[in-house]
>>> print(open('data08.tsv').read())   # TSV, C-alpha atoms
chain	number	residue	atom	x	y	z
A	1	MET	CA	86.15	59.29	16.34
A	2	GLU	CA	86.17	55.97	18.22
A	3	CYS	CA	87.21	52.61	16.83
A	4	GLY	CA	84.38	50.82	15.01
A	5	LYS	CA	82.58	54.06	14.12
A	6	GLN	CA	82.57	55.34	10.56
A	7	SER	CA	83.04	58.90	9.44
A	8	HIS	CA	79.74	60.60	8.55
A	9	TYR	CA	81.18	61.31	5.10
A	10	GLN	CA	80.90	57.63	4.22
A	11	ASN	CA	77.15	57.54	4.94
A	12	ILE	CA	76.09	60.46	2.77
A	13	ASN	CA	73.93	59.55	-0.26
A	14	TYR	CA	72.51	62.05	-2.68
A	15	ASN	CA	68.90	60.91	-2.42
A	16	GLN	CA	69.21	59.21	1.00
A	17	ASN	CA	67.86	55.96	-0.53
A	18	ASN	CA	71.19	54.22	-1.18
A	19	ASN	CA	70.39	54.15	-4.89
A	20	ILE	CA	74.02	54.05	-5.89
A	21	SER	CA	73.50	53.11	-9.53
A	22	GLN	CA	71.38	56.21	-10.12
A	23	ASP	CA	72.95	58.82	-7.87
A	24	VAL	CA	76.73	58.34	-7.93
A	25	PRO	CA	78.20	61.27	-9.90
A	26	GLN	CA	79.60	60.41	-13.30
A	27	ALA	CA	82.63	61.94	-14.95
A	28	GLY	CA	81.77	64.83	-17.26
A	29	PRO	CA	80.46	68.40	-17.19
A	30	CYS	CA	78.20	69.46	-14.34
A	31	PRO	CA	74.56	70.13	-15.26
A	32	ILE	CA	73.73	73.78	-15.84
A	33	ASP	CA	71.27	75.41	-13.45
A	34	SER	CA	68.26	76.61	-15.44
A	35	VAL	CA	67.89	79.72	-13.25
A	36	THR	CA	71.47	80.92	-12.69
A	37	GLY	CA	73.01	79.44	-15.81
A	38	GLU	CA	75.95	78.27	-13.70
A	39	PRO	CA	77.29	74.69	-13.38
A	40	ASN	CA	75.55	72.90	-10.51
A	41	CYS	CA	77.56	69.96	-9.15
A	42	PRO	CA	76.44	67.89	-6.14
A	43	PRO	CA	78.37	68.47	-2.90
A	44	PRO	CA	81.42	66.22	-2.37
A	45	THR	CA	81.05	63.20	-0.12
A	46	GLU	CA	84.54	63.16	1.41
A	47	LEU	CA	87.90	64.86	1.69
A	48	VAL	CA	90.75	62.71	0.43
A	49	CYS	CA	94.52	63.02	0.58
A	50	ILE	CA	96.08	62.31	-2.80
A	51	LYS	CA	99.70	62.19	-3.88
A	52	THR	CA	100.23	64.09	-7.10
A	53	GLN	CA	102.39	66.62	-8.90
A	54	LYS	CA	101.48	70.21	-8.15
A	55	VAL	CA	102.40	72.86	-10.72
A	56	TYR	CA	103.70	75.97	-8.97
A	57	GLU	CA	104.60	78.01	-12.03
A	58	SER	CA	104.44	77.65	-15.82
A	59	CYS	CA	105.05	79.57	-19.01
A	60	ILE	CA	104.87	79.01	-22.76
A	61	LYS	CA	107.28	80.06	-25.50
A	62	GLU	CA	106.04	80.24	-29.09
A	63	LEU	CA	108.58	79.90	-31.90
A	64	THR	CA	107.99	80.01	-35.66
A	65	ASN	CA	110.57	79.13	-38.28
A	66	GLU	CA	110.57	79.52	-42.05
A	67	ILE	CA	112.86	76.82	-43.43
A	68	PRO	CA	113.81	76.89	-47.13
A	69	VAL	CA	114.21	73.45	-48.76
A	70	ASP	CA	115.97	72.99	-52.09
A	71	LEU	CA	114.43	70.08	-54.04
A	72	THR	CA	116.45	70.37	-57.26
A	73	LYS	CA	118.13	66.97	-56.65
A	74	ILE	CA	114.89	65.01	-56.33
A	75	ALA	CA	112.23	67.05	-58.13
A	76	VAL	CA	111.53	66.62	-61.83
A	77	GLY	CA	110.46	69.87	-63.40
A	78	ASP	CA	108.48	72.51	-61.55
A	79	ILE	CA	106.70	71.77	-58.27
A	80	GLU	CA	102.96	72.20	-58.66
A	81	ASP	CA	101.80	71.58	-55.08
A	82	ALA	CA	103.10	70.75	-51.59
A	83	GLN	CA	101.35	69.59	-48.42
A	84	CYS	CA	102.44	69.42	-44.76
A	85	LYS	CA	102.77	66.34	-42.62
A	86	GLU	CA	103.07	66.53	-38.83
A	87	PRO	CA	106.66	67.06	-37.58
A	88	GLU	CA	107.97	64.80	-34.84
A	89	LEU	CA	110.53	64.77	-32.05
A	90	VAL	CA	113.65	62.67	-32.57
A	91	ILE	CA	114.71	61.11	-29.26
A	92	ASN	CA	117.40	58.46	-28.96
A	93	GLU	CA	120.97	58.05	-27.73
A	94	ASN	CA	122.34	60.26	-30.47
A	95	PHE	CA	119.61	62.90	-30.17
A	96	PRO	CA	118.70	63.27	-26.45
A	97	PHE	CA	115.84	65.34	-25.03
A	98	VAL	CA	117.19	67.54	-22.22
A	99	CYS	CA	115.06	69.53	-19.76
A	100	GLN	CA	116.97	71.00	-16.83
A	101	LYS	CA	117.43	73.80	-14.33
A	102	LEU	CA	120.58	75.82	-14.83
A	103	PRO	CA	122.50	75.57	-11.52
A	104	ASN	CA	122.51	78.64	-9.26
A	105	THR	CA	120.26	80.63	-11.60
A	106	ASN	CA	116.54	81.24	-12.01
A	107	ARG	CA	116.63	79.81	-15.54
A	108	ALA	CA	115.49	76.58	-17.18
A	109	ARG	CA	116.65	75.11	-20.47
A	110	VAL	CA	115.27	72.66	-23.00
A	111	LYS	CA	117.30	71.04	-25.78
A	112	PHE	CA	115.80	68.71	-28.36
A	113	TYR	CA	115.84	67.55	-31.97
A	114	TYR	CA	112.95	67.31	-34.40
A	115	ARG	CA	112.34	66.58	-38.07
A	116	PHE	CA	109.62	67.62	-40.48
A	117	ARG	CA	108.07	65.95	-43.52
A	118	PHE	CA	106.01	67.10	-46.47
A	119	THR	CA	104.81	65.74	-49.78
A	120	PHE	CA	105.13	67.57	-53.09
A	121	LEU	CA	103.85	67.10	-56.62
A	122	ASP	CA	106.34	67.56	-59.44
A	123	GLN	CA	106.02	66.74	-63.14
A	124	GLU	CA	106.29	63.00	-62.41
A	125	ASN	CA	104.21	62.22	-59.30
A	126	TRP	CA	103.71	62.89	-55.61
A	127	LYS	CA	106.91	62.47	-53.59
A	128	GLN	CA	107.89	62.83	-49.91
A	129	PHE	CA	110.69	64.79	-48.27
A	130	THR	CA	111.98	64.14	-44.72
A	131	SER	CA	114.45	66.53	-43.12
A	132	GLN	CA	117.51	65.65	-41.09
A	133	PRO	CA	117.16	66.13	-37.29
A	134	ILE	CA	117.12	69.83	-36.41
A	135	PHE	CA	118.52	71.05	-33.09
A	136	VAL	CA	116.60	73.51	-30.88
A	137	GLU	CA	117.69	75.09	-27.61
A	138	GLN	CA	115.67	77.55	-25.55
A	139	ILE	CA	116.26	79.17	-22.14
A	140	VAL	CA	113.53	80.85	-20.07
A	141	VAL	CA	113.49	82.78	-16.80
A	142	PHE	CA	111.39	81.81	-13.74
A	143	SER	CA	110.95	83.35	-10.33
A	144	ASP	CA	113.35	82.48	-7.48
A	145	ARG	CA	111.07	79.55	-6.63
A	146	ILE	CA	113.11	77.52	-9.10
A	147	LEU	CA	116.06	77.67	-6.69
A	148	ASP	CA	114.25	75.43	-4.20
A	149	PRO	CA	115.83	71.94	-4.53
A	150	ARG	CA	112.41	70.35	-4.00
A	151	ILE	CA	111.13	72.02	-7.15
A	152	MET	CA	111.64	70.19	-10.47
A	153	VAL	CA	111.27	71.42	-14.03
A	154	GLN	CA	109.24	69.82	-16.80
A	155	CYS	CA	109.34	70.67	-20.52
A	156	GLU	CA	106.68	69.85	-23.10
A	157	VAL	CA	107.14	70.39	-26.84
A	158	PHE	CA	104.30	70.67	-29.37
A	159	LEU	CA	105.19	70.83	-33.06
A	160	LYS	CA	103.06	71.79	-36.04
A	161	CYS	CA	103.69	72.34	-39.73
A	162	THR	CA	101.42	75.22	-40.69
A	163	GLU	CA	102.18	75.55	-44.41
A	164	VAL	CA	104.51	74.58	-47.25
A	165	ILE	CA	104.88	77.38	-49.80
A	166	VAL	CA	106.25	76.90	-53.32
A	167	THR	CA	108.61	79.84	-53.77
A	168	GLU	CA	108.77	81.95	-56.90
A	169	PRO	CA	110.54	82.34	-59.27
A	170	VAL	CA	112.48	79.25	-58.07
A	171	GLU	CA	109.99	76.49	-58.83
A	172	GLN	CA	112.06	73.72	-57.22
A	173	GLU	CA	112.30	75.28	-53.76
A	174	VAL	CA	109.71	75.39	-50.99
A	175	LEU	CA	109.40	77.30	-47.73
A	176	VAL	CA	108.31	75.18	-44.76
A	177	CYS	CA	106.59	76.97	-41.85
A	178	ILE	CA	107.13	75.18	-38.51
A	179	GLN	CA	105.46	76.31	-35.29
A	180	LYS	CA	106.93	75.18	-31.95
A	181	SER	CA	105.10	75.62	-28.64
A	182	LEU	CA	107.39	75.05	-25.65
A	183	VAL	CA	105.72	74.69	-22.25
A	184	PHE	CA	107.84	74.94	-19.09
A	185	LYS	CA	106.51	73.92	-15.67
A	186	LEU	CA	107.87	74.04	-12.13
A	187	PHE	CA	106.36	71.24	-10.07
A	188	ALA	CA	106.85	69.13	-6.96
A	189	ASP	CA	105.53	65.81	-5.68
A	190	VAL	CA	103.06	66.72	-2.93
A	191	GLN	CA	100.08	65.41	-0.98
A	192	LEU	CA	96.94	67.46	-1.50
A	193	LEU	CA	93.68	67.45	0.42
A	194	VAL	CA	90.88	67.64	-2.12
A	195	PRO	CA	87.10	67.21	-2.10
A	196	ALA	CA	85.96	64.01	-3.79
A	197	TYR	CA	82.94	61.85	-4.57
A	198	GLY	CA	84.54	58.57	-3.55
A	199	PHE	CA	85.82	56.02	-6.04
A	200	CYS	CA	84.82	56.25	-9.69
A	201	PRO	CA	81.78	54.09	-10.53
A	202	GLU	CA	82.11	51.02	-12.70
A	203	PRO	CA	82.24	52.12	-16.36
A	204	PRO	CA	79.63	50.95	-18.86
A	205	GLU	CA	80.37	48.07	-21.17
A	206	CYS	CA	82.34	49.01	-24.27
A	207	VAL	CA	80.49	49.26	-27.57
A	208	GLN	CA	81.64	46.58	-29.97
A	209	PRO	CA	82.08	47.37	-33.68
A	210	PRO	CA	79.71	45.58	-36.04
A	211	LEU	CA	80.95	42.25	-37.27
A	212	ILE	CA	82.20	42.29	-40.83
A	213	ALA	CA	81.95	38.89	-42.51
A	214	CYS	CA	81.75	37.52	-46.00
A	215	PRO	CA	78.18	36.66	-47.08
A	216	VAL	CA	77.31	32.99	-46.66
A	217	GLU	CA	75.41	31.45	-49.55
A	218	PRO	CA	73.90	27.94	-49.40
A	219	LEU	CA	76.10	25.33	-51.04
A	220	GLU	CA	74.52	23.48	-53.94
A	221	TRP	CA	74.41	19.79	-53.10
A	222	PRO	CA	75.67	17.55	-54.41
A	223	PRO	CA	78.55	19.67	-55.70
A	224	TYR	CA	78.53	17.97	-59.11
A	225	PRO	CA	77.07	18.82	-62.50
A	226	PRO	CA	73.37	17.91	-62.67
A	227	GLN	CA	72.60	14.41	-63.94
A	228	PRO	CA	70.56	14.05	-67.16
A	229	THR	CA	66.95	13.04	-66.69
A	230	ILE	CA	65.11	10.34	-68.63
A	231	ASN	CA	63.46	13.00	-70.80
A	232	ASP	CA	66.88	14.46	-71.62
A	233	ILE	CA	68.13	10.99	-72.65
A	234	ASN	CA	65.08	10.38	-74.88
A	235	ASN	CA	65.39	13.78	-76.48
A	236	ASN	CA	69.04	13.16	-77.28
A	237	GLN	CA	68.17	9.79	-78.86
A	238	ASN	CA	65.41	11.35	-80.95
A	239	ASN	CA	67.82	14.07	-82.10
A	240	CYS	CA	70.24	11.42	-83.26
>>> encode(input="data08.tsv", output="structure tokens")
Amino acid sequence: MECGKQSHYQNINYNQNNNISQDVPQAGPCPIDSVTGEPNCPPPTELVCIKTQKVYESCIKELTNEIPVDLTKIAVGDIEDAQCKEPELVINENFPFVCQKLPNTNRARVKFYYRFRFTFLDQENWKQFTSQPIFVEQIVVFSDRILDPRIMVQCEVFLKCTEVIVTEPVEQEVLVCIQKSLVFKLFADVQLLVPAYGFCPEPPECVQPPLIACPVEPLEWPPYPPQPTINDINNNQNNC
């Protein structure tokens, strides 16, 4: 291609009328073909080179724990009900999140801390319990691809409290069910050649929430008690 000449990709328009506002693809699902029932996207307009993180390999590890919690020191009487709240990761200088390759092996390791919370109803009122940080360590095995120094490892942790069960016959103890989904990924920073539709179109204007304001009532003027009229004065004199 000579200098001053554009690539033919830049001149393609879906209806050949340069009606960009109507014909530029929008983000979202492709329309379904009424005959085949398959998604029918328009052809891409260009091939672009993007820098991104490519995932070469991934796996997921599901863990479930049943954690007994003794509430005798804070509960008054029997516990009538208990409800989960979402657990959370604890990440700071004292409780680091570690995701690493184990040197000279095909293994990866994640180490982290989390805590869980739940509310319970005793004979007084609803109360909340928050656990101390709990340590978790998990090691998984990958293929020999992990040995490549250009490959990095990424760890994602998803936590969920599925249920809090009041145990019997001990009415001041509960069993907390915690589900942990650990996702491990091997990735590298790469440049990929991908089909594209050019730059994303300008988004529509955001919808504003309705204004909430106090009702405005007309002010009575003047803001003083009403003055007596001549009839009122005469009536008062007659009453006397």
>>> residues_around(input="data08.tsv", residues="Pro39 in chain A", least_positions_apart="4", cutoff="9 Å", atoms="only C-alpha atoms", output="CSV table (one decimal) with C-alpha atoms, in the coordinates of the input")
chain,number,residue,atom,x,y,z
A,29,PRO,CA,80.5,68.4,-17.2
A,30,CYS,CA,78.2,69.5,-14.3
A,31,PRO,CA,74.6,70.1,-15.3
A,32,ILE,CA,73.7,73.8,-15.8
A,33,ASP,CA,71.3,75.4,-13.4
>>> residues_near_point(input="data08.tsv", point="(111.2, 65.4, -6.5)", cutoff="10 Å", atoms="only C-alpha atoms", output="PyMOL selection string")
chain A and resi 53+149-153+187-190
>>> atom_distance(input="data08.tsv", atom1="CA of Leu182 in chain A", atom2="CA of Ser143 in chain A")
17.8 Å
>>> closest_residue(input="data08.tsv", among="A:Val24, A:Gln172, A:Leu102, A:Val110", to="Thr45 in chain A", atoms="only C-alpha atoms")
A:Val24
>>> closest_residue(input="data08.tsv", among="A:Gln132, A:Gln26, A:Thr167, A:Gln138", to="Phe95 in chain A", atoms="all atoms listed in the file")
A:Gln132
>>> closest_residue(input="data08.tsv", among="A:Val98, A:Cys41, A:Leu47, A:Leu159", to="Lys85 in chain A", atoms="all atoms listed in the file")
A:Leu159
>>> closest_residue(input="data08.tsv", among="A:Val174, A:Cys155, A:Val140, A:Ile74", to="Lys127 in chain A", atoms="only C-alpha atoms")
A:Ile74
>>> residues_around(input="data08.tsv", residues="Asn125 in chain A", least_positions_apart="3", cutoff="10 Å", atoms="all atoms listed in the file", output="PDB file with C-alpha atoms, in the frame of the given file")
ATOM      1  CA  ALA A  75     112.230  67.050 -58.130  1.00  0.00           C
ATOM      2  CA  VAL A  76     111.530  66.620 -61.830  1.00  0.00           C
ATOM      3  CA  ILE A  79     106.700  71.770 -58.270  1.00  0.00           C
ATOM      4  CA  PHE A 120     105.130  67.570 -53.090  1.00  0.00           C
ATOM      5  CA  LEU A 121     103.850  67.100 -56.620  1.00  0.00           C
ATOM      6  CA  ASP A 122     106.340  67.560 -59.440  1.00  0.00           C
TER       7      ASP A 122
END
>>> atom_distance(input="data08.tsv", atom1="CA of Arg117 in chain A", atom2="CA of Cys161 in chain A")
8.6 Å
>>> residues_around(input="data08.tsv", residues="Glu88 in chain A", least_positions_apart="5", cutoff="8 Å", atoms="all atoms listed in the file", output="JSON list (two decimals) with C-alpha atoms, in the frame of the given file")
[["chain", "number", "residue", "atom", "x", "y", "z"],
["A", 114, "TYR", "CA", 112.95, 67.31, -34.40],
["A", 115, "ARG", "CA", 112.34, 66.58, -38.07],
["A", 116, "PHE", "CA", 109.62, 67.62, -40.48],
["A", 159, "LEU", "CA", 105.19, 70.83, -33.06]]
